[in-house]
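Source file: structure27.cif. Holds: mmCIF, C-alpha atoms and all ligand atoms.
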data_run
loop_
_atom_site.label_atom_id
_atom_site.label_comp_id
_atom_site.auth_asym_id
_atom_site.auth_seq_id
_atom_site.Cartn_x
_atom_site.Cartn_y
_atom_site.Cartn_z
CA LEU A 1185 -51.29 200.14 303.96
CA VAL A 1186 -51.51 203.80 305.01
CA ARG A 1187 -51.00 206.52 302.41
CA LEU A 1188 -49.64 209.31 304.63
CA GLY A 1189 -47.41 207.32 307.00
CA GLY A 1190 -44.49 209.30 308.43
CA LYS A 1191 -45.94 212.65 307.37
CA THR A 1192 -46.73 215.63 309.59
CA ILE A 1193 -49.64 217.59 308.13
CA LEU A 1194 -51.24 220.81 309.35
CA VAL A 1195 -54.89 221.43 308.47
CA SER A 1196 -56.56 224.82 309.04
CA ALA A 1197 -60.30 225.32 309.62
CA ALA A 1198 -60.20 221.82 311.12
CA GLY A 1199 -62.97 222.43 313.65
CA GLN A 1200 -65.81 221.69 311.25
CA GLY A 1201 -66.75 220.97 307.64
CA ILE A 1202 -64.21 219.91 305.02
CA GLY A 1203 -61.21 220.79 307.23
CA ARG A 1204 -62.44 218.59 310.05
CA ALA A 1205 -63.17 215.63 307.77
CA SER A 1206 -59.77 216.11 306.14
CA ALA A 1207 -57.92 216.13 309.47
CA ILE A 1208 -59.64 212.87 310.42
CA ALA A 1209 -59.02 211.30 306.99
CA CYS A 1210 -55.31 212.26 307.05
CA ALA A 1211 -54.89 210.81 310.55
CA ARG A 1212 -56.58 207.57 309.42
CA GLU A 1213 -54.03 207.38 306.62
CA GLY A 1214 -51.21 207.48 309.15
CA ALA A 1215 -50.30 211.17 309.24
CA LYS A 1216 -49.50 213.03 312.42
CA VAL A 1217 -52.08 215.82 312.08
CA ILE A 1218 -51.95 219.28 313.59
CA ALA A 1219 -55.54 220.50 313.47
CA VAL A 1220 -55.92 224.28 313.84
CA ASP A 1221 -58.97 226.50 313.99
CA ILE A 1222 -60.00 229.79 315.58
CA ASN A 1223 -62.80 227.93 317.38
CA GLU A 1224 -61.49 225.93 320.34
CA GLU A 1225 -64.90 224.40 321.12
CA THR A 1226 -65.19 222.56 317.82
CA LEU A 1227 -61.50 221.62 317.90
CA ALA A 1228 -62.07 219.97 321.29
CA THR A 1229 -64.57 217.54 319.74
CA LEU A 1230 -61.99 216.07 317.35
CA PRO A 1231 -60.56 212.65 318.18
CA GLY A 1232 -57.41 213.33 320.20
CA GLU A 1233 -53.74 212.47 320.23
CA GLN A 1234 -54.26 208.70 320.37
CA ALA A 1235 -55.94 209.10 316.95
CA GLY A 1236 -52.91 211.08 315.73
CA ILE A 1237 -54.51 214.52 315.94
CA GLU A 1238 -53.02 217.38 317.94
CA VAL A 1239 -55.30 220.43 318.18
CA ARG A 1240 -54.04 224.02 318.37
CA LYS A 1241 -56.00 227.26 318.41
CA LEU A 1242 -54.88 229.50 315.53
CA ASP A 1243 -56.35 232.55 313.85
CA VAL A 1244 -54.99 232.38 310.31
CA ARG A 1245 -55.41 236.17 310.06
CA ASP A 1246 -52.84 236.67 312.85
CA ARG A 1247 -49.32 236.70 311.42
CA SER A 1248 -47.48 236.72 314.73
CA ALA A 1249 -49.51 233.74 316.01
CA ILE A 1250 -48.76 231.87 312.75
CA ASP A 1251 -45.04 232.65 312.97
CA ALA A 1252 -44.95 231.57 316.63
CA LEU A 1253 -46.66 228.25 315.80
CA ALA A 1254 -44.33 227.62 312.85
CA SER A 1255 -41.25 228.12 315.01
CA GLU A 1256 -42.60 225.73 317.63
CA LEU A 1257 -43.81 222.85 315.42
CA PRO A 1258 -41.67 220.27 313.66
CA ASP A 1259 -41.15 220.86 309.93
CA LEU A 1260 -44.26 219.92 307.95
CA ASP A 1261 -44.62 217.49 305.04
CA GLY A 1262 -48.10 218.74 304.22
CA LEU A 1263 -50.09 221.94 304.69
CA PHE A 1264 -53.80 222.21 303.92
CA ASN A 1265 -54.92 225.85 303.97
CA CYS A 1266 -58.67 225.33 304.27
CA ALA A 1267 -60.02 228.40 306.12
CA GLY A 1268 -62.37 230.61 304.13
CA PHE A 1269 -65.58 232.61 304.27
CA VAL A 1270 -68.50 233.05 301.83
CA HIS A 1271 -69.69 236.62 301.29
CA ASN A 1272 -73.21 236.74 299.89
CA GLY A 1273 -73.98 239.63 297.55
CA THR A 1274 -73.48 241.30 294.20
CA VAL A 1275 -70.66 243.75 293.54
CA LEU A 1276 -73.04 246.53 294.58
CA ASP A 1277 -73.53 245.01 298.04
CA ILE A 1278 -69.86 244.64 299.01
CA SER A 1279 -68.55 247.19 301.51
CA GLU A 1280 -64.83 248.04 301.67
CA ASP A 1281 -64.72 246.13 304.96
CA ASP A 1282 -66.48 243.04 303.51
CA TRP A 1283 -64.06 243.05 300.58
CA ALA A 1284 -61.00 243.42 302.80
CA PHE A 1285 -62.22 240.68 305.15
CA SER A 1286 -62.86 238.19 302.32
CA MET A 1287 -59.48 238.82 300.76
CA ASP A 1288 -57.70 238.67 304.12
CA LEU A 1289 -59.28 235.43 305.36
CA ASN A 1290 -59.54 233.64 302.02
CA VAL A 1291 -56.21 234.56 300.37
CA THR A 1292 -53.85 236.62 302.52
CA SER A 1293 -54.09 234.00 305.29
CA MET A 1294 -52.70 231.43 302.82
CA PHE A 1295 -49.87 233.80 301.86
CA ARG A 1296 -49.01 234.16 305.59
CA MET A 1297 -49.23 230.42 306.28
CA THR A 1298 -47.09 229.63 303.23
CA GLN A 1299 -44.43 232.18 304.19
CA ALA A 1300 -44.28 230.80 307.71
CA PHE A 1301 -44.27 227.06 306.96
CA LEU A 1302 -42.57 226.80 303.55
CA PRO A 1303 -38.94 227.06 304.79
CA GLY A 1304 -39.47 224.06 307.09
CA MET A 1305 -41.30 222.17 304.35
CA LEU A 1306 -38.37 222.73 301.98
CA ARG A 1307 -36.02 221.34 304.63
CA ARG A 1308 -38.24 218.24 304.83
CA ALA A 1309 -38.32 218.00 301.03
CA GLU A 1310 -34.52 218.06 300.98
CA ALA A 1311 -34.55 215.02 303.26
CA THR A 1312 -37.52 213.13 301.77
CA GLY A 1313 -37.73 214.46 298.20
CA THR A 1314 -41.31 215.67 298.53
CA CYS A 1315 -43.80 217.92 300.31
CA SER A 1316 -47.22 219.29 299.43
CA ILE A 1317 -49.32 222.39 300.00
CA LEU A 1318 -53.04 222.25 299.29
CA ASN A 1319 -55.03 225.48 299.14
CA MET A 1320 -58.82 225.56 299.35
CA ALA A 1321 -60.29 227.33 296.31
CA SER A 1322 -63.76 226.64 294.84
CA MET A 1323 -65.58 226.05 291.58
CA ALA A 1324 -66.73 229.66 292.26
CA SER A 1325 -63.45 231.33 291.23
CA SER A 1326 -61.71 231.96 287.91
CA LEU A 1327 -63.33 228.66 286.82
CA LYS A 1328 -66.97 229.75 286.96
CA GLY A 1329 -69.09 232.70 288.07
CA PHE A 1330 -72.07 232.36 290.40
CA PRO A 1331 -74.72 234.91 291.42
CA MET A 1332 -74.00 236.73 294.71
CA ARG A 1333 -70.43 235.44 294.88
CA THR A 1334 -68.27 238.29 293.51
CA ALA A 1335 -66.14 238.85 296.63
CA TYR A 1336 -65.90 235.11 297.24
CA GLY A 1337 -65.12 234.21 293.62
CA THR A 1338 -62.49 236.94 293.36
CA SER A 1339 -60.76 235.67 296.48
CA LYS A 1340 -60.85 232.05 295.32
CA ALA A 1341 -59.53 233.02 291.86
CA ALA A 1342 -56.64 234.64 293.73
CA VAL A 1343 -56.09 231.37 295.63
CA ILE A 1344 -55.61 229.64 292.26
CA GLY A 1345 -53.08 232.34 291.28
CA LEU A 1346 -51.22 232.07 294.59
CA THR A 1347 -51.11 228.29 294.17
CA LYS A 1348 -49.62 228.50 290.68
CA GLY A 1349 -47.02 231.06 291.75
CA VAL A 1350 -45.81 228.96 294.68
CA ALA A 1351 -45.86 225.81 292.52
CA ALA A 1352 -43.77 227.49 289.81
CA ASP A 1353 -41.13 228.83 292.19
CA PHE A 1354 -40.49 225.59 294.08
CA VAL A 1355 -41.27 222.81 291.59
CA ALA A 1356 -37.58 221.83 291.37
CA LYS A 1357 -37.20 221.75 295.18
CA GLY A 1358 -39.66 218.91 295.79
CA LEU A 1359 -42.58 221.12 296.79
CA ARG A 1360 -45.92 220.63 295.06
CA CYS A 1361 -48.76 223.10 295.47
CA ASN A 1362 -52.32 222.55 294.25
CA SER A 1363 -55.77 223.95 294.89
CA LEU A 1364 -59.01 222.07 295.52
CA CYS A 1365 -62.18 223.40 293.88
CA PRO A 1366 -65.27 221.81 295.41
CA GLY A 1367 -68.87 222.07 294.29
CA THR A 1368 -71.51 222.71 296.94
CA VAL A 1369 -70.62 220.77 300.07
CA ASP A 1370 -73.00 220.08 302.95
CA THR A 1371 -71.16 221.69 305.88
CA PRO A 1372 -72.21 223.76 308.93
CA SER A 1373 -71.58 227.04 307.10
CA LEU A 1374 -73.67 225.92 304.08
CA ARG A 1375 -76.46 225.02 306.53
CA GLY A 1376 -76.08 228.55 307.93
CA ARG A 1377 -76.35 230.10 304.46
CA ILE A 1378 -79.52 228.07 303.82
CA ALA A 1379 -81.05 228.94 307.22
CA SER A 1380 -80.39 232.66 306.80
CA ALA A 1381 -82.07 232.85 303.35
CA ALA A 1382 -85.48 234.55 303.12
CA ASP A 1383 -86.96 231.16 302.14
CA PRO A 1384 -84.69 228.38 303.47
CA VAL A 1385 -86.61 225.54 301.76
CA ALA A 1386 -86.29 227.26 298.37
CA ALA A 1387 -82.64 228.10 299.08
CA GLU A 1388 -81.78 224.45 299.76
CA LYS A 1389 -83.57 223.40 296.56
CA GLN A 1390 -81.58 225.99 294.63
CA PHE A 1391 -78.23 224.77 296.01
CA ILE A 1392 -79.19 221.19 295.05
CA ALA A 1393 -80.51 222.28 291.61
CA ARG A 1394 -77.12 223.71 290.63
CA GLN A 1395 -75.53 220.28 291.29
CA PRO A 1396 -76.28 218.14 288.19
CA MET A 1397 -75.94 214.89 290.16
CA GLY A 1398 -79.03 215.99 292.06
CA ARG A 1399 -77.43 216.17 295.48
CA LEU A 1400 -75.01 218.20 297.56
CA ALA A 1401 -71.50 216.88 298.09
CA THR A 1402 -70.65 215.40 301.46
CA VAL A 1403 -67.36 216.22 303.14
CA ASP A 1404 -66.27 212.67 302.37
CA ASP A 1405 -66.71 213.32 298.66
CA MET A 1406 -63.79 215.75 299.19
CA THR A 1407 -61.45 213.83 301.49
CA PRO A 1408 -60.18 211.28 298.91
CA MET A 1409 -58.87 214.17 296.77
CA VAL A 1410 -57.38 215.87 299.84
CA VAL A 1411 -55.53 212.70 300.86
CA TYR A 1412 -54.39 212.11 297.28
CA LEU A 1413 -52.98 215.63 296.88
CA LEU A 1414 -51.16 215.49 300.23
CA SER A 1415 -49.78 212.01 299.54
CA ASP A 1416 -46.94 210.91 297.27
CA GLU A 1417 -49.51 209.36 294.92
CA SER A 1418 -49.85 212.85 293.41
CA ARG A 1419 -46.07 213.23 293.04
CA PHE A 1420 -46.32 214.35 289.37
CA VAL A 1421 -49.16 216.88 289.98
CA SER A 1422 -48.41 220.52 290.76
CA GLY A 1423 -49.93 223.94 290.13
CA GLN A 1424 -53.34 222.48 289.37
CA ALA A 1425 -56.85 223.54 290.37
CA LEU A 1426 -58.63 220.21 290.88
CA LEU A 1427 -62.40 220.38 290.51
CA VAL A 1428 -64.49 217.98 292.62
CA ASP A 1429 -67.80 219.55 291.69
CA GLY A 1430 -70.21 216.74 290.83
CA GLY A 1431 -70.24 217.79 287.20
CA VAL A 1432 -71.17 221.48 287.55
CA THR A 1433 -68.46 222.51 285.12
CA ILE A 1434 -68.94 219.65 282.62
P1 LIG A 1501 -67.19 225.92 307.40
O1 LIG A 1501 -67.30 227.20 306.64
O2 LIG A 1501 -68.43 225.30 307.94
O3 LIG A 1501 -66.14 226.10 308.60
C1 LIG A 1501 -65.08 226.98 308.47
C2 LIG A 1501 -64.13 226.78 309.63
O4 LIG A 1501 -63.11 227.80 309.52
C3 LIG A 1501 -64.77 226.95 310.99
O5 LIG A 1501 -64.39 225.88 311.83
C4 LIG A 1501 -64.19 228.28 311.48
O6 LIG A 1501 -64.08 228.36 312.90
C5 LIG A 1501 -62.85 228.30 310.80
N1 LIG A 1501 -62.28 229.65 310.70
C6 LIG A 1501 -62.94 230.78 310.36
N2 LIG A 1501 -62.12 231.84 310.46
C7 LIG A 1501 -60.91 231.36 310.86
C8 LIG A 1501 -59.66 231.97 311.15
N3 LIG A 1501 -59.49 233.29 311.04
N4 LIG A 1501 -58.64 231.18 311.52
C9 LIG A 1501 -58.80 229.85 311.65
N5 LIG A 1501 -59.96 229.21 311.40
C10 LIG A 1501 -61.00 229.97 311.01
O7 LIG A 1501 -66.39 224.85 306.52
P2 LIG A 1501 -66.55 224.48 304.97
O8 LIG A 1501 -67.88 224.87 304.44
O9 LIG A 1501 -66.04 223.10 304.87
O10 LIG A 1501 -65.49 225.47 304.25
C11 LIG A 1501 -64.10 225.23 304.35
C12 LIG A 1501 -63.43 225.81 303.12
O11 LIG A 1501 -63.97 225.19 301.96
C13 LIG A 1501 -63.61 227.30 302.93
O12 LIG A 1501 -62.40 227.86 302.44
C14 LIG A 1501 -64.70 227.39 301.90
O13 LIG A 1501 -64.65 228.59 301.15
C15 LIG A 1501 -64.35 226.19 301.04
N6 LIG A 1501 -65.45 225.70 300.21
C16 LIG A 1501 -66.61 225.30 300.77
C17 LIG A 1501 -67.66 224.87 299.97
C18 LIG A 1501 -68.99 224.45 300.55
O14 LIG A 1501 -69.96 224.32 299.76
N7 LIG A 1501 -69.11 224.22 301.84
C19 LIG A 1501 -67.50 224.84 298.58
C20 LIG A 1501 -66.28 225.23 298.03
C21 LIG A 1501 -65.25 225.66 298.86
#

Translate this structure into structure tokens?
Amino acid sequence: LVRLGGKTILVSAAGQGIGRASAIACAREGAKVIAVDINEETLATLPGEQAGIEVRKLDVRDRSAIDALASELPDLDGLFNCAGFVHNGTVLDISEDDWAFSMDLNVTSMFRMTQAFLPGMLRRAEATGTCSILNMASMASSLKGFPMRTAYGTSKAAVIGLTKGVAADFVAKGLRCNSLCPGTVDTPSLRGRIASAADPVAAEKQFIARQPMGRLATVDDMTPMVVYLLSDESRFVSGQALLVDGGVTI
């Protein structure tokens, strides 16, 4: 029995990491997946249309490209806004440009995607009774502070606020909107953060040490929650920030 049968779901940042694993997991559960990323090379390595995944290049910072894609695609049942970037530094290290970039990629992109795709999703909800938006936040947000994560945490706190606003406005129209708040997940960009540290071995130990289960999350520690929130199993859940953090915030 598939859990997302009959649903069309768009996943951003689907080229690698949590987005990629989520696109594959949603397709396995019977969804028709539209996998978008700015990086066409990684997108090309996803299983293709016979696996239920259609890939499209999209820069989620580009409003006209988003609007063009929304007018071309069928109405969506699910939207997973996953794209985001980790700025490393204290408040004293953040330039105006760094700040603007983090806010634009991590939050404003979700505002643009929601504006573009929500009307079609509401049409689908009128027909089916349900549709779901999932926004990628983090445990590093309004939920908890971490060293060197002020720009990142501010942007992810804003994702939680955006999520609650959208959820509140459309709760009676069949739209649910939630945010996912992972702990530290082993993905290509985390590997990049470790490799670019002054002492990569110590940096990896530190990332593991802040996870009380004694290990990093894998992307497949995240995908069950992603599938749940995009499926009708979560039909009574909206406006929530769901932590999948291996106990960091116990
Ligand atoms: P990642 O950072 O390794 O990959 C990010 C993907 O986003 C890449 O494929 C990249 O090409 C794509 N991307 C970047 N800019 C884009 C743009 N403008 N338009 C479209 N795509 C773009 O993947 P990840 O580590 O799984 O992170 C995915 C999300 O999960 C991010 O929002 C991140 O903040 C969040 N997150 C990650 C962790 C973690 O520990 N890895 C923890 C909590 C939250």

Notebook entry, point to check: Do you know which residues are within 6 Å of ligand LIG 1501 (chain A) using only C-alpha atoms and all ligand atoms? Can you write them as a ChimeraX atom specification?
Noted result: /A:1197-1203,1221-1223,1242-1245,1266-1270,1320-1322,1366-1374

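Taking atom CA of Ala1211 of chain A and atom CA of Val1411 of chain A as the two end points, the separation is 9.9 Å.
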
Notebook entry, point to check: Quick one: of A:Ile1434, A:Cys1361, A:Leu1289, A:Val1275, who's nearest to Pro1331 of chain A, counting only C-alpha atoms?
Noted result: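 Looking at the shortest contact to Pro1331 of chain A, the residue is A:Val1275.
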
Note to self: Around the point (-43.3, 218.9, 309.5) (coordinates from the file), which residues reach within 12 Å if we count all atoms listed in the file? Answer as a PyMOL selection string.
What the structure shows: chain A and resi 1190-1195+1215-1218+1253-1263+1301-1309+1311-1312+1314-1317

Next item on the list: Using atom CA of Ala1219 of chain A and atom CA of Val1291 of chain A as the two end points, give the distance in Å to one decimal.
Entry: 19.2 Å

Check: When distances are computed from all atoms listed in the file, which of A:Ser1196, A:Gly1236, A:Gly1423, A:Asn1265 shows the smallest separation from Ala1352 of chain A?
Finding: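 For Ala1352 of chain A, the nearest of the candidates is A:Gly1423.
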
Notebook entry, point to check: What gap, in Å, lies between atom CA of Gln1390 of chain A and atom CA of Ser1206 of chain A?
Noted result: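 Interatomic distance here is 26.6 Å.
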